[in-house]
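Text of work-v9.tsv (TSV, C-alpha atoms and all ligand atoms) as supplied:
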```tsv
chain	number	residue	atom	x	y	z
A	1	MET	CA	156.21	178.07	213.93
A	2	ASP	CA	157.06	177.34	217.55
A	3	GLN	CA	160.06	175.34	216.43
A	4	GLN	CA	161.27	178.24	214.27
A	5	GLU	CA	160.96	180.76	217.11
A	6	ASN	CA	162.78	178.40	219.39
A	7	ASN	CA	165.67	178.09	216.94
A	8	GLN	CA	165.95	181.85	216.64
A	9	THR	CA	165.98	182.29	220.41
A	10	LYS	CA	168.75	179.71	220.77
A	11	LYS	CA	171.11	181.79	218.62
A	12	ILE	CA	170.95	184.83	220.91
A	13	MET	CA	173.19	185.17	223.95
A	14	PHE	CA	171.53	187.66	226.25
A	15	HIS	CA	173.76	189.79	228.47
A	16	SER	CA	171.58	192.01	230.62
A	17	ARG	CA	174.58	193.97	231.86
A	18	PRO	CA	177.51	195.20	229.76
A	19	ASP	CA	180.94	193.66	230.22
A	20	ARG	CA	183.72	195.90	231.41
A	21	ALA	CA	185.02	195.74	227.85
A	22	ASP	CA	181.73	197.24	226.64
A	23	MET	CA	182.09	200.29	228.85
A	24	PRO	CA	183.64	203.45	227.34
A	25	ILE	CA	187.29	204.01	228.16
A	26	HIS	CA	187.15	206.53	230.96
A	27	ILE	CA	190.66	207.98	230.66
A	28	PRO	CA	190.75	210.41	227.72
A	29	ILE	CA	193.77	210.36	225.41
A	30	THR	CA	195.49	213.71	224.97
A	31	ARG	CA	198.32	215.13	222.93
A	32	CYS	CA	200.35	218.09	224.06
A	33	PRO	CA	198.64	221.33	222.94
A	34	PRO	CA	200.69	223.97	221.05
A	35	LYS	CA	201.18	226.05	224.21
A	36	GLY	CA	202.55	223.07	226.16
A	37	ILE	CA	201.27	221.33	229.26
A	38	GLY	CA	202.50	220.62	232.77
A	39	PRO	CA	203.26	219.92	235.47
A	40	LEU	CA	201.49	216.57	235.23
A	41	ILE	CA	201.99	213.87	237.84
A	42	ILE	CA	202.94	210.56	236.23
A	43	LEU	CA	200.98	207.57	237.52
A	44	SER	CA	202.50	204.95	235.20
A	45	SER	CA	205.72	203.25	236.20
A	46	ASP	CA	206.99	203.41	232.63
A	47	VAL	CA	206.05	204.48	229.12
A	48	ILE	CA	204.30	201.88	227.01
A	49	GLY	CA	205.15	202.39	223.37
A	50	CYS	CA	204.20	200.87	220.06
A	51	HIS	CA	204.78	201.41	216.35
A	52	LEU	CA	201.48	202.59	214.90
A	53	HIS	CA	199.91	203.25	211.55
A	54	TYR	CA	197.14	205.66	210.85
A	55	TRP	CA	195.25	203.16	208.73
A	56	ARG	CA	191.66	203.04	207.52
A	57	GLY	CA	190.72	206.06	209.57
A	58	ARG	CA	192.22	205.02	212.89
A	59	SER	CA	195.48	204.36	214.69
A	60	THR	CA	196.39	200.73	214.76
A	61	PRO	CA	199.52	198.89	215.88
A	62	CYS	CA	201.86	197.63	213.18
A	63	GLN	CA	201.29	193.90	212.75
A	64	GLY	CA	204.88	193.16	211.73
A	65	GLU	CA	205.45	190.65	208.93
A	66	ASN	CA	201.76	190.29	208.04
A	67	CYS	CA	200.92	193.97	208.35
A	68	GLU	CA	198.46	195.18	205.72
A	69	ALA	CA	199.40	198.83	206.30
A	70	CYS	CA	203.11	198.08	205.75
A	71	ALA	CA	202.23	196.16	202.57
A	72	ASP	CA	200.41	199.32	201.43
A	73	GLY	CA	203.62	201.34	201.96
A	74	GLN	CA	202.50	203.08	205.18
A	75	ILE	CA	205.40	203.80	207.53
A	76	PRO	CA	204.76	202.90	211.18
A	77	ARG	CA	205.61	205.60	213.73
A	78	TRP	CA	206.51	205.15	217.37
A	79	ARG	CA	204.11	206.56	219.93
A	80	GLY	CA	204.42	206.25	223.68
A	81	TYR	CA	201.71	206.46	226.34
A	82	LEU	CA	201.68	207.41	230.00
A	83	ILE	CA	198.83	207.85	232.44
A	84	VAL	CA	199.18	211.21	234.14
A	85	MET	CA	197.12	213.21	236.59
A	86	ASN	CA	196.61	216.96	236.86
A	87	PRO	CA	198.17	218.52	239.98
A	88	LYS	CA	194.74	218.81	241.64
A	89	GLY	CA	194.53	215.04	241.32
A	90	ASP	CA	190.96	215.03	240.04
A	91	GLU	CA	191.56	214.08	236.41
A	92	LYS	CA	193.53	211.25	234.82
A	93	ILE	CA	194.73	211.57	231.25
A	94	MET	CA	196.42	209.17	228.85
A	95	MET	CA	199.19	211.33	227.40
A	96	GLU	CA	200.60	210.45	224.00
A	97	ILE	CA	204.25	211.24	223.38
A	98	THR	CA	206.55	210.99	220.39
A	99	ALA	CA	210.12	209.66	220.24
A	100	ALA	CA	211.65	213.16	220.53
A	101	ALA	CA	210.20	213.55	224.03
A	102	VAL	CA	211.67	210.33	225.38
A	103	PRO	CA	215.37	211.08	226.24
A	104	PRO	CA	214.78	213.12	229.48
A	105	ILE	CA	212.12	210.60	230.52
A	106	ASP	CA	214.56	207.77	229.95
A	107	VAL	CA	217.25	209.47	232.06
A	108	TYR	CA	214.77	209.88	234.93
A	109	PHE	CA	213.71	206.25	234.63
A	110	SER	CA	217.34	205.08	234.74
A	111	GLU	CA	217.95	207.09	237.91
A	112	HIS	CA	214.74	206.24	239.78
A	113	GLY	CA	213.66	202.87	238.39
A	114	THR	CA	210.14	204.23	237.88
A	115	LEU	CA	208.37	207.24	236.42
A	116	ARG	CA	205.62	207.10	239.00
A	117	ASN	CA	205.26	210.36	240.95
A	118	ALA	CA	207.54	212.33	238.61
A	119	LEU	CA	206.40	215.71	237.28
A	120	LEU	CA	206.18	215.88	233.51
A	121	TYR	CA	206.22	219.04	231.39
A	122	LEU	CA	205.71	218.90	227.63
A	123	LYS	CA	206.13	221.62	225.05
A	124	ARG	CA	206.14	221.94	221.29
A	125	VAL	CA	208.89	223.66	219.32
A	126	GLY	CA	207.54	226.91	217.86
A	127	MET	CA	204.26	226.40	219.74
A	128	LYS	CA	202.90	224.72	216.60
A	129	PRO	CA	200.18	222.04	216.80
A	130	ASN	CA	202.52	219.43	215.31
A	131	GLY	CA	205.80	221.01	216.49
A	132	LYS	CA	208.49	218.63	217.74
A	133	LEU	CA	207.57	217.48	221.23
A	134	LEU	CA	210.07	218.15	224.02
A	135	SER	CA	209.83	216.97	227.61
A	136	LYS	CA	211.17	218.00	230.98
A	137	ILE	CA	210.82	215.78	234.02
A	138	GLU	CA	211.50	216.42	237.72
A	139	THR	CA	210.97	214.81	241.06
A	140	SER	CA	207.76	215.65	242.88
A	141	ALA	CA	207.33	216.81	246.47
A	142	ARG	CA	204.38	214.42	246.85
A	143	THR	CA	204.77	211.11	248.57
A	144	LEU	CA	204.39	208.01	246.44
A	145	ALA	CA	201.84	206.68	248.92
A	146	SER	CA	199.52	209.63	248.19
A	147	LEU	CA	199.09	208.59	244.53
A	148	PRO	CA	196.10	206.63	243.28
A	149	ALA	CA	196.72	203.06	242.10
A	150	GLU	CA	198.49	202.64	238.80
A	151	PRO	CA	195.91	202.27	235.99
A	152	ASN	CA	196.36	199.29	233.69
A	153	LEU	CA	197.78	201.17	230.70
A	154	SER	CA	198.35	198.18	228.40
A	155	ASN	CA	194.77	197.08	228.91
A	156	LEU	CA	193.48	200.56	228.09
A	157	LEU	CA	195.60	200.67	224.94
A	158	LEU	CA	194.37	197.28	223.77
A	159	ARG	CA	190.80	198.43	224.29
A	160	MET	CA	191.50	201.67	222.44
A	161	TRP	CA	192.86	199.71	219.47
A	162	GLY	CA	189.86	197.37	219.51
A	163	MET	CA	192.04	194.43	220.55
A	164	ASN	CA	190.20	193.52	223.72
A	165	THR	CA	188.55	190.38	222.38
A	166	ALA	CA	190.35	188.05	224.79
A	167	GLU	CA	189.02	190.04	227.75
A	168	LYS	CA	185.56	190.30	226.28
A	169	ASN	CA	185.22	186.63	225.49
A	170	SER	CA	186.82	185.26	228.61
A	171	PRO	CA	184.27	183.15	230.51
A	172	GLU	CA	186.20	183.94	233.70
A	173	ILE	CA	185.72	187.67	233.23
A	174	GLN	CA	182.07	187.11	232.34
A	175	ARG	CA	181.54	185.16	235.56
A	176	LYS	CA	183.41	187.76	237.58
A	177	ILE	CA	181.34	190.61	236.17
A	178	ARG	CA	178.09	188.74	236.68
A	179	GLY	CA	179.16	187.96	240.24
A	180	ASP	CA	180.43	191.41	241.14
A	181	ARG	CA	177.69	193.37	239.38
A	182	LEU	CA	178.70	196.77	238.12
A	183	LYS	CA	179.00	199.43	240.75
A	184	GLN	CA	177.51	202.89	240.30
A	185	SER	CA	181.04	204.32	240.33
A	186	ASP	CA	181.80	202.38	237.13
A	187	PHE	CA	179.16	204.45	235.38
A	188	GLU	CA	180.12	207.71	237.02
A	189	GLU	CA	183.68	207.37	235.78
A	190	GLU	CA	182.53	207.15	232.18
A	191	ARG	CA	181.72	210.82	231.67
A	192	SER	CA	184.67	211.40	229.40
A	193	SER	CA	185.58	209.05	226.64
A	194	LEU	CA	187.92	208.77	223.70
A	195	ASN	CA	185.52	210.78	221.54
A	196	ASN	CA	187.40	213.98	222.28
A	197	GLY	CA	190.55	212.69	220.68
A	198	HIS	CA	191.79	209.66	218.83
A	199	CYS	CA	194.97	207.76	218.95
A	201	ZN	ZN	202.96	197.77	209.76
```

Starting from the file, give its structure as structure tokens.
Amino acid sequence: MDQQENNQTKKIMFHSRPDRADMPIHIPITRCPPKGIGPLIILSSDVIGCHLHYWRGRSTPCQGENCEACADGQIPRWRGYLIVMNPKGDEKIMMEITAAAVPPIDVYFSEHGTLRNALLYLKRVGMKPNGKLLSKIETSARTLASLPAEPNLSNLLLRMWGMNTAEKNSPEIQRKIRGDRLKQSDFEEERSSLNNGHC
């Protein structure tokens, strides 16, 4: 009996605190509403884009040659992501854009070498929920130094797509989290999550 209990206990890895990867993603993802949105202050230095499928009830990156969704005849679509902030500076949002919105953004990037601190306006043709997305981008009067640090967008996307296993299983990260302990602010930032929208 004792031996059996012992064996069962050995199989369990207790983690009395969650990893960072277990915490909800605290920057909500948003698409442009029918009436448009902006100005938004861009915090990311560039767009991060990916070809995605809506597959088995969720958005998931195309896996290329071995992609199950492609094999099923699903066409991948490009989506781009930027972290933006409202002008009051009290809310960060992960904004999803489509290919049609990219050209003005690309021109700005070519001229400035970064999108950080630019003002982004998005609108939809015909003010329809899925109307073609158009963008306008301008320079901001703010100083770059007044912006918060650039959030790690690729990391957030990997977490959103459930591809954060390397981070979660890394012994280094585990040690770091155990050593640092989670600060109260980590919990306070988690009020909003991806539940109000999906990729
Ligand atoms: Zn695919």

Could you state the separation of atom CA of A:Gly38 and atom CA of A:Lys128 in Å, given to one decimal place?
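Value for the atom CA of A:Gly38-atom CA of A:Lys128 distance: 16.7 Å.
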
Near-A:Met95 list (12 Å; only C-alpha atoms; drop same-chain fewer than 6 positions) as an MDAnalysis selection string:
chainID A and resid 27:33 37:38 40:44 47:49 79:86 101 120:122 153 157 197:199

Given 7 Å and all atoms listed in the file, residues near ligand ZN 201 (chain A) as a ChimeraX atom specification:
/A:53,62-64,67-70,75-76

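For the point (210.4, 218.4, 220.3), the residues with an atom at a distance of at most 10 Å are Ile97, Thr98, Ala99, Ala100, Ala101, Val102, Leu122, Lys123, Arg124, Val125, Gly126, Asn130, Gly131, Lys132, Leu133, Leu134 and Ser135 of chain A, counting all atoms listed in the file.
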
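Distance-wise, atom CA of A:Gly162 and atom CA of A:Asp22 end up 10.8 Å apart.
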
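With only C-alpha atoms as the atoms that count, the residue of A:Met94, A:Met127, A:Met163, A:Ile137 with the shortest distance to A:Pro151 is A:Met94.
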
Report, as JSON, the centre and edge lengths in Å (one decimal) of the axis-aligned box enclosing every listed atom of stretch 93-112 of chain A, padded by 8 Å on each side.
```
{"center_x": 206.3, "center_y": 209.3, "center_z": 230.0, "size_x": 39.2, "size_y": 24.5, "size_z": 35.5}
```

Near A:Val107, counting all atoms listed in the file, which residues have an atom at most 12 Å away, once you skip same-chain residues fewer than 3 positions from it, shown as a count of residues only?
15
